[in-house]
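Reproduced below: work-v5.tsv, with TSV, C-alpha atoms.
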chain	number	residue	atom	x	y	z
A	23	MET	CA	-24.93	-12.20	-3.37
A	24	THR	CA	-21.72	-10.69	-1.95
A	25	ARG	CA	-19.09	-9.40	-4.33
A	26	ARG	CA	-15.34	-9.75	-3.80
A	27	LEU	CA	-13.44	-6.48	-4.07
A	28	MET	CA	-9.75	-6.35	-4.94
A	29	LEU	CA	-7.82	-3.17	-4.12
A	30	LEU	CA	-4.42	-2.62	-5.71
A	31	ASP	CA	-1.72	-0.52	-4.07
A	32	THR	CA	-0.73	0.38	-7.59
A	33	ALA	CA	2.57	2.20	-7.03
A	34	SER	CA	3.78	-0.57	-4.72
A	35	LEU	CA	3.06	-3.10	-7.46
A	36	TYR	CA	4.56	-1.20	-10.38
A	37	PHE	CA	7.72	-0.55	-8.33
A	38	ARG	CA	7.96	-4.32	-7.79
A	39	ALA	CA	7.36	-4.91	-11.49
A	40	TYR	CA	10.05	-2.38	-12.38
A	41	PHE	CA	12.66	-4.11	-10.24
A	42	GLY	CA	11.42	-7.62	-11.01
A	43	VAL	CA	11.22	-7.43	-14.81
A	44	PRO	CA	14.45	-6.79	-16.77
A	45	ASP	CA	14.77	-3.31	-18.25
A	46	SER	CA	15.65	-5.01	-21.53
A	47	VAL	CA	11.85	-5.19	-21.98
A	48	ARG	CA	11.41	-2.15	-24.21
A	49	ALA	CA	9.06	-0.39	-26.58
A	50	PRO	CA	9.85	-0.29	-30.33
A	51	ASP	CA	11.60	3.07	-29.84
A	52	GLY	CA	13.82	1.60	-27.10
A	53	THR	CA	12.00	3.07	-24.10
A	54	PRO	CA	11.88	0.63	-21.14
A	55	VAL	CA	8.36	-0.67	-20.45
A	56	ASN	CA	9.24	-3.31	-17.86
A	57	ALA	CA	7.02	-1.73	-15.16
A	58	VAL	CA	4.05	-1.45	-17.54
A	59	ARG	CA	4.40	-4.98	-18.85
A	60	GLY	CA	5.02	-6.38	-15.39
A	61	LEU	CA	2.02	-4.63	-13.82
A	62	LEU	CA	-0.37	-5.79	-16.54
A	63	ASP	CA	0.86	-9.35	-16.09
A	64	PHE	CA	0.50	-8.97	-12.29
A	65	ILE	CA	-3.12	-7.93	-12.71
A	66	ALA	CA	-3.83	-10.80	-15.12
A	67	ARG	CA	-2.41	-13.31	-12.64
A	68	LEU	CA	-4.31	-11.77	-9.72
A	69	VAL	CA	-7.61	-11.87	-11.59
A	70	GLN	CA	-6.99	-15.41	-12.76
A	71	ASP	CA	-6.07	-16.73	-9.31
A	72	HIS	CA	-8.46	-14.78	-7.07
A	73	ARG	CA	-11.47	-13.98	-9.28
A	74	PRO	CA	-12.55	-10.59	-7.91
A	75	ASP	CA	-15.91	-9.19	-8.98
A	76	GLU	CA	-14.63	-5.65	-8.54
A	77	LEU	CA	-11.14	-4.20	-8.96
A	78	VAL	CA	-9.78	-0.76	-8.12
A	79	ALA	CA	-6.29	0.50	-8.90
A	80	CYS	CA	-5.63	2.90	-6.02
A	81	MET	CA	-3.17	5.69	-6.78
A	82	ASP	CA	-0.97	8.14	-4.84
A	83	ALA	CA	-2.42	11.55	-5.72
A	84	ASP	CA	-0.11	12.80	-2.98
A	85	TRP	CA	2.58	10.37	-1.85
A	86	ARG	CA	3.62	12.64	1.07
A	87	PRO	CA	0.54	14.50	2.33
A	88	HIS	CA	1.22	17.81	4.06
A	89	TRP	CA	-1.02	16.90	6.99
A	90	ARG	CA	1.25	13.96	7.79
A	91	VAL	CA	4.44	15.98	7.32
A	92	GLU	CA	3.13	18.66	9.71
A	93	LEU	CA	2.91	16.03	12.43
A	94	ILE	CA	6.20	14.24	11.67
A	95	PRO	CA	8.48	16.38	9.41
A	96	SER	CA	10.78	13.44	8.68
A	97	TYR	CA	7.91	11.52	7.05
A	98	LYS	CA	9.32	10.27	3.72
A	99	ALA	CA	11.66	13.28	3.69
A	100	HIS	CA	14.60	11.22	2.40
A	101	ARG	CA	12.61	10.38	-0.75
A	102	VAL	CA	11.93	13.98	-1.80
A	103	ALA	CA	13.57	14.88	-5.12
A	104	VAL	CA	12.07	18.37	-5.49
A	105	GLU	CA	10.11	20.32	-2.88
A	106	THR	CA	6.93	21.91	-4.25
A	107	PRO	CA	5.46	24.54	-1.88
A	108	ALA	CA	2.14	24.76	-3.76
A	109	GLY	CA	1.53	21.05	-4.18
A	110	PRO	CA	2.84	17.51	-3.68
A	111	ASP	CA	6.61	17.21	-3.50
A	112	GLU	CA	8.24	15.34	-6.36
A	113	GLU	CA	9.31	11.85	-5.31
A	114	GLU	CA	12.74	10.50	-6.16
A	115	ILE	CA	12.12	7.54	-8.46
A	116	PRO	CA	14.30	5.87	-11.11
A	117	ASP	CA	14.65	7.90	-14.31
A	118	THR	CA	13.38	5.04	-16.45
A	119	LEU	CA	10.33	4.40	-14.26
A	120	SER	CA	8.71	7.85	-14.17
A	121	PRO	CA	7.97	7.94	-17.96
A	122	GLN	CA	6.18	4.60	-17.61
A	123	VAL	CA	3.62	5.81	-15.06
A	124	PRO	CA	1.48	7.76	-17.59
A	125	VAL	CA	1.49	4.67	-19.83
A	126	ILE	CA	0.32	2.53	-16.91
A	127	GLU	CA	-2.50	4.99	-16.20
A	128	ALA	CA	-3.51	5.11	-19.87
A	129	ALA	CA	-3.55	1.30	-20.10
A	130	LEU	CA	-5.73	0.93	-16.99
A	131	ASP	CA	-8.14	3.53	-18.36
A	132	ALA	CA	-8.26	1.86	-21.76
A	133	PHE	CA	-9.11	-1.47	-20.15
A	134	GLY	CA	-11.81	0.23	-18.08
A	135	ILE	CA	-10.22	-0.73	-14.75
A	136	ALA	CA	-11.28	1.77	-12.07
A	137	ARG	CA	-8.36	4.04	-11.13
A	138	ILE	CA	-8.75	6.29	-8.10
A	139	GLY	CA	-6.48	8.88	-6.54
A	140	VAL	CA	-7.67	11.74	-4.35
A	141	ALA	CA	-5.81	15.02	-3.86
A	142	GLY	CA	-4.13	15.23	-0.46
A	143	TYR	CA	-4.15	11.48	0.15
A	144	GLU	CA	-2.00	8.44	-0.48
A	145	ALA	CA	-3.22	5.24	-2.12
A	146	ASP	CA	-3.18	3.66	1.36
A	147	ASP	CA	-5.88	6.12	2.44
A	148	VAL	CA	-8.04	5.35	-0.59
A	149	ILE	CA	-7.63	1.65	0.17
A	150	GLY	CA	-8.54	2.18	3.83
A	151	THR	CA	-11.69	4.08	2.93
A	152	LEU	CA	-12.86	1.62	0.28
A	153	ALA	CA	-12.10	-1.39	2.49
A	154	GLY	CA	-14.13	0.14	5.30
A	155	ARG	CA	-17.10	0.70	3.01
A	156	ALA	CA	-17.07	-2.74	1.40
A	157	ALA	CA	-20.10	-4.95	1.99
A	158	GLY	CA	-18.31	-8.15	0.98
A	159	PRO	CA	-14.83	-9.69	1.18
A	160	VAL	CA	-11.82	-7.53	0.35
A	161	ASP	CA	-8.41	-8.53	-1.00
A	162	ILE	CA	-5.77	-5.79	-0.63
A	163	VAL	CA	-2.74	-6.37	-2.84
A	164	THR	CA	0.33	-4.52	-1.62
A	165	GLY	CA	4.01	-4.85	-0.90
A	166	ASP	CA	3.63	-2.39	1.99
A	167	ARG	CA	3.22	-3.98	5.42
A	168	ASP	CA	1.56	-0.81	6.75
A	169	LEU	CA	-1.70	-2.06	5.24
A	170	TYR	CA	-1.68	-5.06	7.57
A	171	GLN	CA	-3.63	-2.72	9.86
A	172	LEU	CA	-6.70	-3.31	7.64
A	173	VAL	CA	-6.71	-7.09	8.13
A	174	SER	CA	-9.96	-8.21	9.76
A	175	ASP	CA	-11.45	-11.69	9.77
A	176	ALA	CA	-14.82	-10.26	10.85
A	177	ARG	CA	-14.94	-7.97	7.80
A	178	GLN	CA	-13.32	-10.60	5.54
A	179	ALA	CA	-10.48	-8.22	4.76
A	180	ARG	CA	-7.08	-9.73	4.07
A	181	VAL	CA	-3.80	-8.59	2.53
A	182	LEU	CA	-2.19	-10.42	-0.38
A	183	TYR	CA	1.50	-9.65	0.11
A	184	PRO	CA	3.82	-10.55	-2.80
A	185	LEU	CA	6.78	-12.61	-1.69
A	186	LYS	CA	8.04	-13.27	-5.21
A	187	GLY	CA	6.23	-11.59	-8.05
A	188	VAL	CA	2.52	-12.28	-7.65
A	189	GLY	CA	2.86	-15.98	-8.24
A	190	THR	CA	3.81	-16.40	-4.58
A	191	LEU	CA	1.58	-14.39	-2.25
A	192	GLN	CA	1.37	-14.42	1.52
A	193	ILE	CA	-2.35	-14.53	2.26
A	194	THR	CA	-2.34	-12.41	5.39
A	195	ASP	CA	-5.24	-12.86	7.78
A	196	GLU	CA	-5.44	-12.42	11.55
A	197	ALA	CA	-3.86	-15.82	12.22
A	198	VAL	CA	-0.80	-14.86	10.15
A	199	LEU	CA	-0.48	-11.50	11.92
A	200	ARG	CA	-0.67	-13.08	15.35
A	201	GLU	CA	1.87	-15.74	14.39
A	202	LYS	CA	4.37	-13.29	12.88
A	203	TYR	CA	3.84	-10.19	15.02
A	204	GLY	CA	1.63	-11.12	17.97
A	205	VAL	CA	-1.00	-8.50	17.07
A	206	ASP	CA	-4.26	-8.17	15.14
A	207	GLY	CA	-4.91	-5.61	12.39
A	208	PRO	CA	-5.55	-2.54	14.58
A	209	GLY	CA	-2.68	-3.59	16.85
A	210	TYR	CA	-0.32	-3.40	13.86
A	211	VAL	CA	-0.60	0.42	13.94
A	212	ASP	CA	0.76	0.51	17.49
A	213	LEU	CA	3.48	-2.01	16.63
A	214	ALA	CA	4.55	-0.08	13.54
A	215	LEU	CA	4.78	3.31	15.22
A	216	LEU	CA	6.71	1.95	18.20
A	217	ARG	CA	9.11	0.04	15.96
A	218	GLY	CA	9.45	2.85	13.43
A	219	ASP	CA	10.10	2.50	9.72
A	220	PRO	CA	13.23	4.03	8.15
A	221	SER	CA	11.78	3.58	4.64
A	222	ASP	CA	8.97	6.01	5.59
A	223	GLY	CA	11.07	8.29	7.78
A	224	LEU	CA	9.26	7.21	10.95
A	225	PRO	CA	11.74	7.32	13.83
A	226	GLY	CA	9.89	5.01	16.21
A	227	VAL	CA	10.81	4.91	19.89
A	228	PRO	CA	14.59	4.54	20.21
A	229	GLY	CA	15.54	1.17	21.65
A	230	ILE	CA	12.08	-0.34	21.04
A	231	GLY	CA	12.36	-2.81	18.18
A	232	GLU	CA	9.70	-5.06	16.72
A	233	LYS	CA	10.06	-7.87	19.26
A	234	THR	CA	10.06	-5.51	22.25
A	235	ALA	CA	7.06	-3.63	20.84
A	236	ALA	CA	5.16	-6.89	20.46
A	237	LYS	CA	5.97	-7.89	24.04
A	238	LEU	CA	4.85	-4.51	25.38
A	239	LEU	CA	1.57	-4.73	23.46
A	240	ASP	CA	1.02	-8.24	24.75
A	241	ALA	CA	1.63	-7.07	28.31
A	242	PHE	CA	-0.30	-3.78	28.26
A	243	GLY	CA	-2.89	-4.25	25.50
A	244	ASP	CA	-2.37	-1.22	23.30
A	245	LEU	CA	-0.44	2.02	22.98
A	246	ASP	CA	-2.60	3.79	25.57
A	247	GLY	CA	-1.99	0.93	27.99
A	248	ILE	CA	1.75	1.15	27.44
A	249	MET	CA	1.84	4.90	28.05
A	250	ALA	CA	-0.32	4.47	31.16
A	251	ALA	CA	2.27	1.98	32.39
A	252	VAL	CA	4.97	4.63	31.96
A	253	ASP	CA	3.12	6.72	34.56
A	254	ASP	CA	2.55	3.78	36.90
A	255	PRO	CA	5.58	3.16	39.13
A	256	ALA	CA	4.25	-0.33	39.89
A	257	SER	CA	4.14	-1.41	36.23
A	258	LYS	CA	6.61	-3.99	34.99
A	259	LEU	CA	8.41	-1.79	32.51
A	260	THR	CA	12.18	-1.90	32.76
A	261	PRO	CA	13.84	1.40	33.76
A	262	SER	CA	15.25	1.84	30.24
A	263	GLN	CA	11.88	1.16	28.59
A	264	ARG	CA	10.17	3.62	30.90
A	265	LYS	CA	12.79	6.29	30.17
A	266	ARG	CA	12.67	5.79	26.39
A	267	LEU	CA	8.90	5.85	26.21
A	268	ASP	CA	8.71	8.88	28.47
A	269	GLU	CA	11.17	10.77	26.27
A	270	ALA	CA	9.18	9.81	23.16
A	271	ARG	CA	5.84	11.22	24.38
A	272	ALA	CA	5.69	13.97	21.74
A	273	TYR	CA	6.25	11.45	18.94
A	274	VAL	CA	3.82	8.89	20.40
A	275	ALA	CA	1.12	11.58	20.65
A	276	VAL	CA	1.09	12.31	16.89
A	277	ALA	CA	2.37	9.10	15.30
A	278	PRO	CA	-0.98	7.22	15.33
A	279	LYS	CA	-2.55	9.78	12.98
A	280	VAL	CA	0.42	9.49	10.62
A	281	VAL	CA	0.62	5.68	10.62
A	282	ARG	CA	-3.12	4.94	10.61
A	283	VAL	CA	-4.64	5.06	7.12
A	284	ALA	CA	-7.50	7.48	6.61
A	285	SER	CA	-11.00	6.04	6.48
A	286	ASP	CA	-12.90	9.12	5.35
A	287	VAL	CA	-11.35	10.05	2.00
A	288	PRO	CA	-13.86	11.92	-0.23
A	289	ILE	CA	-13.93	9.45	-3.11
A	290	PRO	CA	-15.77	10.50	-6.29
A	291	PRO	CA	-18.38	8.22	-7.89
A	292	PHE	CA	-16.89	5.30	-9.82
A	293	ASP	CA	-17.71	1.84	-11.15
A	294	ALA	CA	-15.45	-0.86	-9.70
A	295	THR	CA	-16.96	-3.71	-11.73
A	296	LEU	CA	-14.23	-5.79	-13.33
A	297	PRO	CA	-14.57	-5.25	-17.09
A	298	LYS	CA	-15.10	-8.22	-19.38
A	299	THR	CA	-13.99	-6.32	-22.47
A	300	PRO	CA	-11.81	-3.20	-22.87
A	301	ALA	CA	-13.66	0.08	-22.40
A	302	HIS	CA	-11.62	1.75	-25.15
A	303	PRO	CA	-10.36	-0.95	-27.53
A	304	GLU	CA	-8.88	1.44	-30.10
A	305	ALA	CA	-6.90	3.33	-27.48
A	306	LEU	CA	-5.72	0.01	-26.03
A	307	ALA	CA	-4.63	-1.20	-29.48
A	308	ASP	CA	-2.67	2.03	-30.00
A	309	LEU	CA	-0.94	1.61	-26.62
A	310	ALA	CA	-0.11	-2.01	-27.39
A	311	ARG	CA	1.38	-1.09	-30.76
A	312	ASN	CA	3.23	2.07	-29.73
A	313	TRP	CA	4.71	0.64	-26.55
A	314	GLY	CA	5.24	-2.97	-27.55
A	315	LEU	CA	2.72	-4.27	-25.02
A	316	GLY	CA	0.89	-6.70	-27.27
A	317	GLY	CA	1.58	-9.85	-25.28
A	318	ALA	CA	0.73	-8.34	-21.87
A	319	VAL	CA	-2.40	-6.64	-23.22
A	320	ASP	CA	-3.57	-9.86	-24.86
A	321	ARG	CA	-2.99	-11.87	-21.69
A	322	LEU	CA	-4.96	-9.49	-19.51
A	323	ALA	CA	-7.75	-9.14	-22.09
A	324	SER	CA	-8.03	-12.92	-22.34
A	325	THR	CA	-8.12	-13.28	-18.54
A	326	LEU	CA	-10.86	-10.65	-18.23
A	327	ARG	CA	-12.98	-12.38	-20.89
A	328	ALA	CA	-12.69	-15.67	-19.00
As structure tokens:
Amino acid sequence: MTRRLMLLDTASLYFRAYFGVPDSVRAPDGTPVNAVRGLLDFIARLVQDHRPDELVACMDADWRPHWRVELIPSYKAHRVAVETPAGPDEEEIPDTLSPQVPVIEAALDAFGIARIGVAGYEADDVIGTLAGRAAGPVDIVTGDRDLYQLVSDARQARVLYPLKGVGTLQITDEAVLREKYGVDGPGYVDLALLRGDPSDGLPGVPGIGEKTAAKLLDAFGDLDGIMAAVDDPASKLTPSQRKRLDEARAYVAVAPKVVRVASDVPIPPFDATLPKTPAHPEALADLARNWGLGGAVDRLASTLRA
């Protein structure tokens, strides 16, 4: 009997909760808990609607890995708050969100929901590794389009992309990718690196936007085919496209490793089974009382029991 695995891009979801739930949602001492409350309600809705057998909250142990920055120094550089030579740089996040992250982690642990982050890797890399190992269907829940690269009908891997909260999700399979972008999952890596992504500090190839990138991939198959066309005087690249791609060779040579999620993250042993009852009920009760999370905790607990 195959088991359905749900992988959460946790930071992506709690950022959405933070901006989607009013900051008037506060603990008894006045501390905002909108991200905590919102994430717990997100998870309850996801479990209720999609019934996973296993659930993993994937975390950013390093949101800007050095091995990616070495290849493309601008990678997420605009989001650095404090540079840390000996470890992960500190990310610039809202002042009222950062204190909520430890509460989120404590709540997940108290429920017994598997929470995995691996030093030197982003949550995307953990997701890529776990998705590749899965024996059954996989639902990846993220607000980051980069993870479209993991969509595969053959492996029953799809992305649940929140359009509005988690009540309205775009169920992204290969048909959706082809309709919206003209590529399949692996082709999305080539599309993304050609197009670039200012939010991640990826420059892309100047003058090659999303539509042009899709047309080039349709014409030449993949990134290697496009670059081979640059060297072929008989290819049907326009002079400006040929010039831009030729000038971007250094970027194109390293960008695939930066954009493509890792598939070989050394993940420690864990149990992904969705809990029916909280693993640490007393700790969960303390969190609910101290942080004013009673309603959200009760809703998720009730959903897990069902």
Got a sec to check which residues sit within 12 Å of (-1.9, 1.8, -18.0), counting all atoms listed in the file, and write them as a JSON list (two decimals) with C-alpha atoms, keeping the file's coordinate frame?
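Final output, point-v3.json:
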[["chain", "number", "residue", "atom", "x", "y", "z"],
["A", 32, "THR", "CA", -0.73, 0.38, -7.59],
["A", 33, "ALA", "CA", 2.57, 2.20, -7.03],
["A", 36, "TYR", "CA", 4.56, -1.20, -10.38],
["A", 55, "VAL", "CA", 8.36, -0.67, -20.45],
["A", 57, "ALA", "CA", 7.02, -1.73, -15.16],
["A", 58, "VAL", "CA", 4.05, -1.45, -17.54],
["A", 59, "ARG", "CA", 4.40, -4.98, -18.85],
["A", 60, "GLY", "CA", 5.02, -6.38, -15.39],
["A", 61, "LEU", "CA", 2.02, -4.63, -13.82],
["A", 62, "LEU", "CA", -0.37, -5.79, -16.54],
["A", 63, "ASP", "CA", 0.86, -9.35, -16.09],
["A", 65, "ILE", "CA", -3.12, -7.93, -12.71],
["A", 79, "ALA", "CA", -6.29, 0.50, -8.90],
["A", 81, "MET", "CA", -3.17, 5.69, -6.78],
["A", 121, "PRO", "CA", 7.97, 7.94, -17.96],
["A", 122, "GLN", "CA", 6.18, 4.60, -17.61],
["A", 123, "VAL", "CA", 3.62, 5.81, -15.06],
["A", 124, "PRO", "CA", 1.48, 7.76, -17.59],
["A", 125, "VAL", "CA", 1.49, 4.67, -19.83],
["A", 126, "ILE", "CA", 0.32, 2.53, -16.91],
["A", 127, "GLU", "CA", -2.50, 4.99, -16.20],
["A", 128, "ALA", "CA", -3.51, 5.11, -19.87],
["A", 129, "ALA", "CA", -3.55, 1.30, -20.10],
["A", 130, "LEU", "CA", -5.73, 0.93, -16.99],
["A", 131, "ASP", "CA", -8.14, 3.53, -18.36],
["A", 132, "ALA", "CA", -8.26, 1.86, -21.76],
["A", 133, "PHE", "CA", -9.11, -1.47, -20.15],
["A", 134, "GLY", "CA", -11.81, 0.23, -18.08],
["A", 135, "ILE", "CA", -10.22, -0.73, -14.75],
["A", 136, "ALA", "CA", -11.28, 1.77, -12.07],
["A", 137, "ARG", "CA", -8.36, 4.04, -11.13],
["A", 305, "ALA", "CA", -6.90, 3.33, -27.48],
["A", 306, "LEU", "CA", -5.72, 0.01, -26.03],
["A", 309, "LEU", "CA", -0.94, 1.61, -26.62],
["A", 310, "ALA", "CA", -0.11, -2.01, -27.39],
["A", 313, "TRP", "CA", 4.71, 0.64, -26.55],
["A", 315, "LEU", "CA", 2.72, -4.27, -25.02],
["A", 318, "ALA", "CA", 0.73, -8.34, -21.87],
["A", 319, "VAL", "CA", -2.40, -6.64, -23.22],
["A", 322, "LEU", "CA", -4.96, -9.49, -19.51]]
Please measure the separation of atom CA of Asp175 of chain A and atom CA of Asp293 of chain A, giving the value in Å to one decimal. 25.7 Å
May I have the residues at most 9 Å from (4.6, -10.6, 18.9) in the file's coordinates, counting only C-alpha atoms, as JSON, numbers by chain? {"A": [199, 200, 201, 202, 203, 204, 205, 213, 232, 233, 234, 235, 236, 237, 238, 239, 240]}
Quick one: everything within 9 Å of Ser96 of chain A, counting only C-alpha atoms, minus sequence neighbours fewer than 6 positions away in the same chain. Send it as an mmCIF file with C-alpha atoms, keeping the file's coordinate frame.
data_model
loop_
_atom_site.group_PDB
_atom_site.id
_atom_site.type_symbol
_atom_site.label_atom_id
_atom_site.label_comp_id
_atom_site.auth_asym_id
_atom_site.auth_seq_id
_atom_site.Cartn_x
_atom_site.Cartn_y
_atom_site.Cartn_z
ATOM 1 C CA ASP A 222 8.970 6.010 5.590
ATOM 2 C CA GLY A 223 11.070 8.290 7.780
ATOM 3 C CA LEU A 224 9.260 7.210 10.950
ATOM 4 C CA PRO A 225 11.740 7.320 13.830
#
For Arg26 of chain A, the closest of A:Ser285, A:Thr325, A:Ser262, A:Gln178 counting all atoms listed in the file is A:Gln178
Spatial neighbours of Asp168 of chain A, 10 Å, all atoms listed in the file, chain gap at least 4 places, as a ChimeraX atom specification: /A:146,164,172,207,210-211,214-215,219,281-283
Point out the residue among A:Ala250, A:Val173, A:Cys80, A:Val274 with the least atom-to-atom distance to Arg217 of chain A, counting only C-alpha atoms.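 Using only C-alpha atoms, Arg217 of chain A sits closest to A:Val274.
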Rank A:Leu182, A:Ala307, A:Ala301, A:Ile230 by their smallest atom-to-atom distance to Leu326 of chain A, using all atoms listed in the file, and report the top residue only.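 That would be A:Ala301, the residue with the smallest distance to Leu326 of chain A.
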Excluding Asp45 of chain A and any residue of its chain fewer than 2 positions from it, enumerate the residues within 8 Å of it, using all atoms listed in the file, and give them as a PyMOL selection string. chain A and resi 40+43+47-48+54-56
Proximity to Thr295 of chain A - best of A:Arg38, A:Pro74, A:Gly52, A:Ala141, only C-alpha atoms: A:Pro74
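Shortest atom-to-atom contact with Gly218 of chain A among A:Val160, A:Ala153, A:Ile94, A:Ala241: A:Ile94, counting only C-alpha atoms.
Here atom CA of Thr53 of chain A stands at a distance of 15.6 Å from atom CA of Phe41 of chain A.
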